[in-house]
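J.: The structure follows.
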Amino acid sequence: MIKQFINSIQTLCEPDRVHICDGSEEEFHALAQLLEKQGTFVRLQKRENSFYARSDPSDVARVESRTFICSENRENAGPTNNWKDPKEMKALLENLFKGCMKGRVMYVIPYAMGPKNSPYTKFGIEITDSPYVVCSMKIMARIIQIDEGKEFVLGVHSVGMPLKEGEKDVPWPCNQEKVIAHFPEAKEIWSYGSGYGGNALLGKKCFALRIGSKIAKEEGWLAEHMLIMGLTNPEGKKKYIAAAFPSSCGKTNLAMLTSSLKGWSVECVGDDIAWMHFGKDGRLYAVNPENGFFGVAPGTSEKSNPIAMKMIEKDTIFTNVAYTKEGDVWWEGMSETPPEGLIDWRGNPYKKGEKAAHLNARFTVSKKRCPIYDPLGDDPRGVPIDAIIFGGRRAALLPLVVEAYDWTEGVLMGAALSSEMTAAAEGALGDLRHDPFAMLPFCGYHMGDYFQHWLDLETQERKMPKIFSVNWFRKNEKGDYIWSGFGENVRVLKWIFNRLEGSEVGVKTALGFVPHELDTTGLKIDEKELKKLFLVDSAAYSKECKDLLGYFQTTFGERFPRNLKDALTRWQDRM
Ligand code: OXD
Ligand code: MN
């Protein structure tokens, strides 16, 4: 069946030859050399076994407007996804893919998402004509032998730029026309025209989230846009937390936090995706299906994430950052001032006032490189989750931290997530958008049914994790962030940890419990400002509740769960 599929794609795409990937180091180095020769990769002088790539300026982020869920029934894609009839889409794809790999090699990548020997691991095959994608997939997924897998989620990817006889390739081939299509019933992914990130590394957003969430719904588990971290207190007690934030809101920094509080420490299981199942003991267990980090580079620094800075010292692919004359990489935030003689992400001499690195520039690195990679990070059973955090990027309104009164109200916190837009997807920066569960662009089916799925998980027998909402991004009247964030966020995690232990007091508000006291030893923060961080402004929040109800009703209609509507009424009544 797999052979047949590969043959049929070969016949359709007409590559010069087929290469079945084995995921070996030799293969990676041979492809990296090829990419160097083609001008896609520049080997970095300053970092061992590391490469620098510049994409085409038109191919820099996920293209949500060209991402489709092609369910048999339009209703099942829901109001938050673009839908196209699967037959129509297949016809369109046949057209686009016909001969699209001419002059290129067709690589077949068999891969696993999840730890070795885990009952939660799933398998995929990505067929691609991009060696850059092969090198990235080698880092981001676990490459396996084809006969190791059982059922495969099939993915076909092409940059959409066939080469004529003798035609010279460009460093970053792509096509202005882009389509990223998911077939949730057939469990297939077809991606055309982009070589960048989540559009092209099909294991990540396409499989682990869009198709993954659909499988999770069918099988009764959760595929979520969440980091997974272990938090240890000064007594050596450890708890695991999963946290959802919209793209580019600091998940990688939080997942690798360097604690500013003595005795508290964080270890990292994952920074982007969590697959979570209830165990026989009634607890929720999480695995990170990915094998590496595809992190946002700008803003990553010794201050914001010293662990990541160490992690990317070698064995890393950098894309769309700036390039120094010494043969190193640079981006905004790495140091106060850009180094002399910098080349920007477009390949031009850097000009003051312009961006040296693209806002969505990335590093791609194996999780084995993470100095605080969790000892249970690859445990086939996953790690037990005691708390789930939902975080948005909101300049006003949302307190620094709130604990939901119960599972249902916690689910409502997830559904109510909204955030100011970042550069991970195309769209106007800073615009507020609803992003339920940080899954808006990643839920592979009707989001109303997804909310219901979350509600249905709660049973008497299960020990449900506690749910919290956080907001690091509240600003004062002057427009400055009130909370210093980064390593200081451990103070909020400490409060959460102690709430789970039952050793910390919570103050009741309309939304849930907020801290009576937060450990601020050694922190320079004005008491008055601190108070503001825990304020639930009734009038403003009442309006937010009304807006939320409007959003939920107009968007999800009948499929917005009754229990969530009731929970929203409870919030409103308490205001
Ligand atoms: C990502 C994203 O790349 O969320 O992780 O966009
Ligand atoms: Mn993400």
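Ordering of the structure tokens sets the chain letters (A, B, ...); residue numbers start at 1 within each chain; ligands are numbered from 1 in the order shown.
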Let's see if you can do this: from backbone DSSP, list all helix (DSSP H, G or I) residues in range 286-356 of chain A, as a compact mmCIF listing (two decimals) with all heavy atoms, in the first residue's frame.
T.:
# COMPACT_ATOMS: atom_id res chain seq x y z
N PRO A 306 18.40 32.12 28.08
CA PRO A 306 19.81 31.70 28.02
C PRO A 306 19.96 30.22 27.66
O PRO A 306 20.96 29.83 27.04
CB PRO A 306 20.33 31.97 29.44
CG PRO A 306 19.12 32.15 30.31
CD PRO A 306 18.02 32.63 29.42
N ILE A 307 18.98 29.40 28.02
CA ILE A 307 19.06 27.97 27.72
C ILE A 307 19.01 27.76 26.20
O ILE A 307 19.81 26.99 25.63
CB ILE A 307 17.88 27.22 28.39
CG1 ILE A 307 17.94 27.36 29.91
CG2 ILE A 307 17.84 25.76 27.96
CD1 ILE A 307 19.11 26.67 30.57
N ALA A 308 18.10 28.48 25.54
CA ALA A 308 18.02 28.35 24.07
C ALA A 308 19.30 28.85 23.42
O ALA A 308 19.78 28.27 22.43
CB ALA A 308 16.81 29.11 23.54
N MET A 309 19.88 29.92 23.95
CA MET A 309 21.12 30.45 23.38
C MET A 309 22.23 29.40 23.43
O MET A 309 23.01 29.27 22.49
CB MET A 309 21.56 31.74 24.11
CG MET A 309 20.62 32.91 23.93
SD MET A 309 20.33 33.35 22.21
CE MET A 309 21.77 34.32 21.83
N LYS A 310 22.26 28.64 24.50
CA LYS A 310 23.26 27.56 24.65
C LYS A 310 22.92 26.43 23.64
O LYS A 310 23.79 25.90 22.96
CB LYS A 310 23.17 27.06 26.10
CG LYS A 310 24.13 26.04 26.53
CD LYS A 310 25.20 26.64 27.46
CE LYS A 310 26.49 25.84 27.42
NZ LYS A 310 27.51 26.32 26.56
N MET A 311 21.62 26.16 23.58
CA MET A 311 21.14 25.05 22.75
C MET A 311 21.50 25.24 21.27
O MET A 311 21.81 24.27 20.57
CB MET A 311 19.62 24.99 22.93
CG MET A 311 18.86 24.04 22.09
SD MET A 311 17.15 23.93 22.68
CE MET A 311 16.40 25.36 21.89
J.: Residues within 7 Å of ligand 1, counting only C-alpha atoms and all ligand atoms: report them as a VMD selection string.
T.: chain A and resid 62 197 to 198 246 to 248 272 294 424 to 425
J.: So the first atom is CA of Arg43 in chain A and the second is CA of Lys164 in chain A; what is the distance between them in Å, to one decimal place?
T.: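 Straight-line distance from CA of Arg43 in chain A to CA of Lys164 in chain A works out to 28.2 Å.
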J.: Within 10 Å of ligand 2, which residues show up when you count only C-alpha atoms and all ligand atoms? List them as a VMD selection string, please.
T.: chain A and resid 198 204 to 205 209 224 to 227 244 to 252 271 to 273 294 to 296 424 438 to 439 441 to 442
J.: Need to verify the contact set: Asp169 in chain A, 12 Å, only C-alpha atoms, exclusion of same-chain residues closer than 3 positions in sequence. Can you return it as a ChimeraX atom specification?
T.: /A:34-35,37-40,102-104,130,159,161-166,172-174
J.: Would you mind exporting the chosen residues as a compact mmCIF listing (two decimals), in the first residue's frame, restricted to all heavy atoms?
T.:
# COMPACT_ATOMS: atom_id res chain seq x y z
N LEU A 34 24.76 19.51 -0.52
CA LEU A 34 24.02 19.83 -1.75
C LEU A 34 23.37 21.21 -1.61
O LEU A 34 23.41 22.05 -2.53
CB LEU A 34 22.94 18.75 -1.97
CG LEU A 34 21.99 18.98 -3.13
CD1 LEU A 34 22.69 18.64 -4.44
CD2 LEU A 34 20.73 18.13 -2.98
N LEU A 35 22.78 21.47 -0.44
CA LEU A 35 22.12 22.76 -0.21
C LEU A 35 23.14 23.91 -0.22
O LEU A 35 22.83 25.01 -0.68
CB LEU A 35 21.35 22.73 1.11
CG LEU A 35 20.04 21.93 1.06
CD1 LEU A 35 19.55 21.58 2.45
CD2 LEU A 35 18.95 22.70 0.30
N LYS A 37 25.84 23.89 -2.03
CA LYS A 37 26.21 24.05 -3.43
C LYS A 37 25.15 24.87 -4.16
O LYS A 37 25.45 25.71 -5.01
CB LYS A 37 26.36 22.67 -4.08
CG LYS A 37 27.53 22.62 -5.05
CD LYS A 37 27.86 21.22 -5.49
CE LYS A 37 27.11 20.89 -6.77
NZ LYS A 37 27.02 19.48 -7.03
N GLN A 38 23.89 24.61 -3.81
CA GLN A 38 22.78 25.32 -4.47
C GLN A 38 22.59 26.74 -3.96
O GLN A 38 21.78 27.49 -4.48
CB GLN A 38 21.47 24.56 -4.22
CG GLN A 38 21.32 23.37 -5.10
CD GLN A 38 20.07 22.57 -4.78
OE1 GLN A 38 19.98 21.44 -5.18
NE2 GLN A 38 19.11 23.14 -4.08
N GLY A 39 23.30 27.07 -2.86
CA GLY A 39 23.17 28.43 -2.32
C GLY A 39 22.01 28.57 -1.33
O GLY A 39 21.69 29.68 -0.90
N THR A 40 21.37 27.46 -0.98
CA THR A 40 20.28 27.54 0.01
C THR A 40 20.87 27.66 1.40
O THR A 40 20.37 28.42 2.23
CB THR A 40 19.41 26.25 -0.03
OG1 THR A 40 19.09 25.97 -1.39
CG2 THR A 40 18.15 26.38 0.80
N LYS A 102 9.57 17.90 -11.72
CA LYS A 102 10.49 17.70 -12.86
C LYS A 102 11.82 18.37 -12.57
O LYS A 102 11.86 19.51 -12.10
CB LYS A 102 9.89 18.31 -14.13
CG LYS A 102 8.98 17.35 -14.85
CD LYS A 102 8.59 17.89 -16.22
CE LYS A 102 7.55 16.98 -16.80
NZ LYS A 102 6.62 17.65 -17.69
N GLY A 103 12.89 17.66 -12.85
CA GLY A 103 14.23 18.23 -12.64
C GLY A 103 14.67 18.15 -11.19
O GLY A 103 15.74 18.64 -10.83
N ARG A 104 13.85 17.57 -10.34
CA ARG A 104 14.18 17.49 -8.91
C ARG A 104 14.17 16.04 -8.43
O ARG A 104 13.68 15.15 -9.12
CB ARG A 104 13.17 18.28 -8.07
CG ARG A 104 13.13 19.74 -8.41
CD ARG A 104 12.29 20.54 -7.43
NE ARG A 104 12.29 21.93 -7.86
CZ ARG A 104 13.26 22.81 -7.59
NH1 ARG A 104 14.28 22.44 -6.85
NH2 ARG A 104 13.21 24.05 -8.04
N SER A 130 12.00 19.00 -1.51
CA SER A 130 12.89 20.00 -0.92
C SER A 130 13.90 19.35 0.03
O SER A 130 13.53 18.85 1.09
CB SER A 130 12.04 21.02 -0.15
OG SER A 130 12.85 21.71 0.78
N VAL A 159 7.58 22.24 -3.52
CA VAL A 159 7.80 23.69 -3.56
C VAL A 159 7.12 24.30 -4.79
O VAL A 159 6.99 25.51 -4.91
CB VAL A 159 9.31 24.04 -3.54
CG1 VAL A 159 9.93 23.65 -2.22
CG2 VAL A 159 10.04 23.38 -4.70
N MET A 161 7.97 24.19 -8.08
CA MET A 161 8.82 24.86 -9.07
C MET A 161 9.64 23.85 -9.86
O MET A 161 10.83 23.65 -9.61
CB MET A 161 9.74 25.86 -8.37
CG MET A 161 10.22 26.95 -9.29
SD MET A 161 11.50 27.92 -8.48
CE MET A 161 12.68 27.98 -9.82
N PRO A 162 8.97 23.19 -10.82
CA PRO A 162 9.71 22.22 -11.64
C PRO A 162 10.82 22.92 -12.43
O PRO A 162 10.70 24.11 -12.73
CB PRO A 162 8.62 21.66 -12.57
CG PRO A 162 7.53 22.67 -12.56
CD PRO A 162 7.58 23.37 -11.24
N LEU A 163 11.87 22.16 -12.73
CA LEU A 163 12.97 22.75 -13.48
C LEU A 163 12.97 22.20 -14.90
O LEU A 163 12.82 20.99 -15.09
CB LEU A 163 14.29 22.41 -12.80
CG LEU A 163 14.50 23.03 -11.42
CD1 LEU A 163 15.69 22.39 -10.72
CD2 LEU A 163 14.67 24.53 -11.52
N LYS A 164 13.15 23.11 -15.85
CA LYS A 164 13.27 22.65 -17.24
C LYS A 164 14.67 22.09 -17.42
O LYS A 164 15.58 22.40 -16.65
CB LYS A 164 13.05 23.82 -18.19
CG LYS A 164 11.61 24.29 -18.19
CD LYS A 164 11.39 25.30 -19.32
CE LYS A 164 10.18 26.15 -19.02
NZ LYS A 164 10.45 27.24 -18.05
N GLU A 165 14.82 21.30 -18.45
CA GLU A 165 16.12 20.73 -18.80
C GLU A 165 17.20 21.84 -18.77
O GLU A 165 17.05 22.88 -19.43
CB GLU A 165 15.94 20.19 -20.23
CG GLU A 165 16.99 19.37 -20.77
CD GLU A 165 17.04 17.90 -20.47
OE1 GLU A 165 15.99 17.23 -20.40
OE2 GLU A 165 18.17 17.45 -20.36
N GLY A 166 18.21 21.67 -17.94
CA GLY A 166 19.34 22.63 -17.91
C GLY A 166 19.05 23.91 -17.13
O GLY A 166 19.94 24.75 -16.99
N TRP A 172 15.94 29.42 -2.97
CA TRP A 172 14.71 29.07 -2.24
C TRP A 172 13.56 28.92 -3.24
O TRP A 172 12.78 29.86 -3.47
CB TRP A 172 14.37 30.14 -1.20
CG TRP A 172 13.26 29.70 -0.29
CD1 TRP A 172 11.92 29.78 -0.54
CD2 TRP A 172 13.38 29.10 1.01
NE1 TRP A 172 11.20 29.27 0.51
CE2 TRP A 172 12.07 28.85 1.48
CE3 TRP A 172 14.46 28.76 1.82
CZ2 TRP A 172 11.83 28.27 2.73
CZ3 TRP A 172 14.21 28.19 3.05
CH2 TRP A 172 12.91 27.95 3.50
N PRO A 173 13.43 27.76 -3.87
CA PRO A 173 12.34 27.58 -4.81
C PRO A 173 10.99 27.58 -4.07
O PRO A 173 10.88 27.04 -2.97
CB PRO A 173 12.61 26.20 -5.42
CG PRO A 173 13.52 25.52 -4.46
CD PRO A 173 14.28 26.58 -3.73
N CYS A 174 10.00 28.22 -4.67
CA CYS A 174 8.63 28.19 -4.13
C CYS A 174 7.71 28.70 -5.24
O CYS A 174 8.17 28.97 -6.34
CB CYS A 174 8.50 29.06 -2.87
SG CYS A 174 8.85 30.80 -3.11
J.: Got a sec: who's within 12 Å of range 10-27 of chain A, counting only C-alpha atoms, leaving out chain neighbours fewer than 6 positions off, as a PyMOL selection string?
T.: chain A and resi 3-4+33-34+49+93-112+125-131+133-148+156-165+192+315
J.: Counting only C-alpha atoms, what is within 8 Å of Ala223 in chain A, bar same-chain residues fewer than 2 positions away, as number ranges by chain?
T.: A: 208-209, 212-213, 216, 221, 225, 273-276
J.: Only C-alpha atoms, please: the residues just picked out, written as a PDB file, in the first residue's frame.
T.:
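Below is the file that was written, part22.pdb:
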ATOM      1  CA  ALA A 208       0.466  16.669  14.948  1.00  0.00           C
ATOM      2  CA  LEU A 209      -2.260  19.298  15.259  1.00  0.00           C
ATOM      3  CA  GLY A 212      -3.891  14.893  15.108  1.00  0.00           C
ATOM      4  CA  SER A 213      -6.787  16.786  16.713  1.00  0.00           C
ATOM      5  CA  ALA A 216      -7.676  12.616  19.082  1.00  0.00           C
ATOM      6  CA  TRP A 221      -7.503  12.085  23.689  1.00  0.00           C
ATOM      7  CA  HIS A 225      -0.812  23.552  20.795  1.00  0.00           C
ATOM      8  CA  ILE A 273       2.761  20.495  20.819  1.00  0.00           C
ATOM      9  CA  ALA A 274       1.377  18.083  23.421  1.00  0.00           C
ATOM     10  CA  TRP A 275      -0.447  14.812  22.806  1.00  0.00           C
ATOM     11  CA  MET A 276      -2.267  13.942  26.004  1.00  0.00           C
TER      12      MET A 276
END
J.: Got a sec to tell me which of range 177-288 of chain A DSSP assigns to strand (DSSP E), as a PyMOL selection string?
T.: chain A and resi 179-183+188-192+222-224+226-232+238-244+265-270+274-278+284-287
J.: Give me the residues within 7 Å of range 515-520 of chain A as a list in words, counting only C-alpha atoms and dropping any in the same chain fewer than 4 places off.
T.: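 Using only C-alpha atoms, the neighbours found are Arg491, Trp495, Val505, Gly506 and Val507 of chain A.
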J.: Atoms to include: N, CA, C and O atoms. Write the selected residues as a PDB file, in the first residue's frame.
T.:
ATOM      1  N   ARG A 491       7.686  32.950  39.410  1.00  0.00           N
ATOM      2  CA  ARG A 491       6.926  33.366  40.610  1.00  0.00           C
ATOM      3  C   ARG A 491       5.462  32.975  40.450  1.00  0.00           C
ATOM      4  O   ARG A 491       4.801  32.587  41.399  1.00  0.00           O
ATOM      5  N   TRP A 495       3.290  29.947  42.463  1.00  0.00           N
ATOM      6  CA  TRP A 495       1.934  30.083  43.019  1.00  0.00           C
ATOM      7  C   TRP A 495       1.042  28.934  42.514  1.00  0.00           C
ATOM      8  O   TRP A 495       0.319  28.316  43.286  1.00  0.00           O
ATOM      9  N   VAL A 505      -2.943  30.462  49.367  1.00  0.00           N
ATOM     10  CA  VAL A 505      -4.284  31.050  49.453  1.00  0.00           C
ATOM     11  C   VAL A 505      -4.655  31.678  48.116  1.00  0.00           C
ATOM     12  O   VAL A 505      -3.821  32.251  47.433  1.00  0.00           O
ATOM     13  N   GLY A 506      -5.920  31.557  47.744  1.00  0.00           N
ATOM     14  CA  GLY A 506      -6.418  32.223  46.548  1.00  0.00           C
ATOM     15  C   GLY A 506      -7.525  33.196  46.936  1.00  0.00           C
ATOM     16  O   GLY A 506      -8.287  32.939  47.865  1.00  0.00           O
ATOM     17  N   VAL A 507      -7.562  34.310  46.250  1.00  0.00           N
ATOM     18  CA  VAL A 507      -8.609  35.295  46.496  1.00  0.00           C
ATOM     19  C   VAL A 507      -9.682  35.118  45.438  1.00  0.00           C
ATOM     20  O   VAL A 507      -9.366  35.059  44.239  1.00  0.00           O
TER      21      VAL A 507
END
J.: For CA of Ile388 in chain A and CA of Glu75 in chain A, quote the distance in Å rounded to one decimal.
T.: 29.4 Å
J.: Do a neighbour search on range 182-189 of chain A at 9 Å with only C-alpha atoms, toss out local chain neighbours closer than 4 positions, and write the hits as number ranges by chain.
T.: A: 67-72, 86, 126, 152-157, 202, 206-207, 210-211, 214-215, 444-445
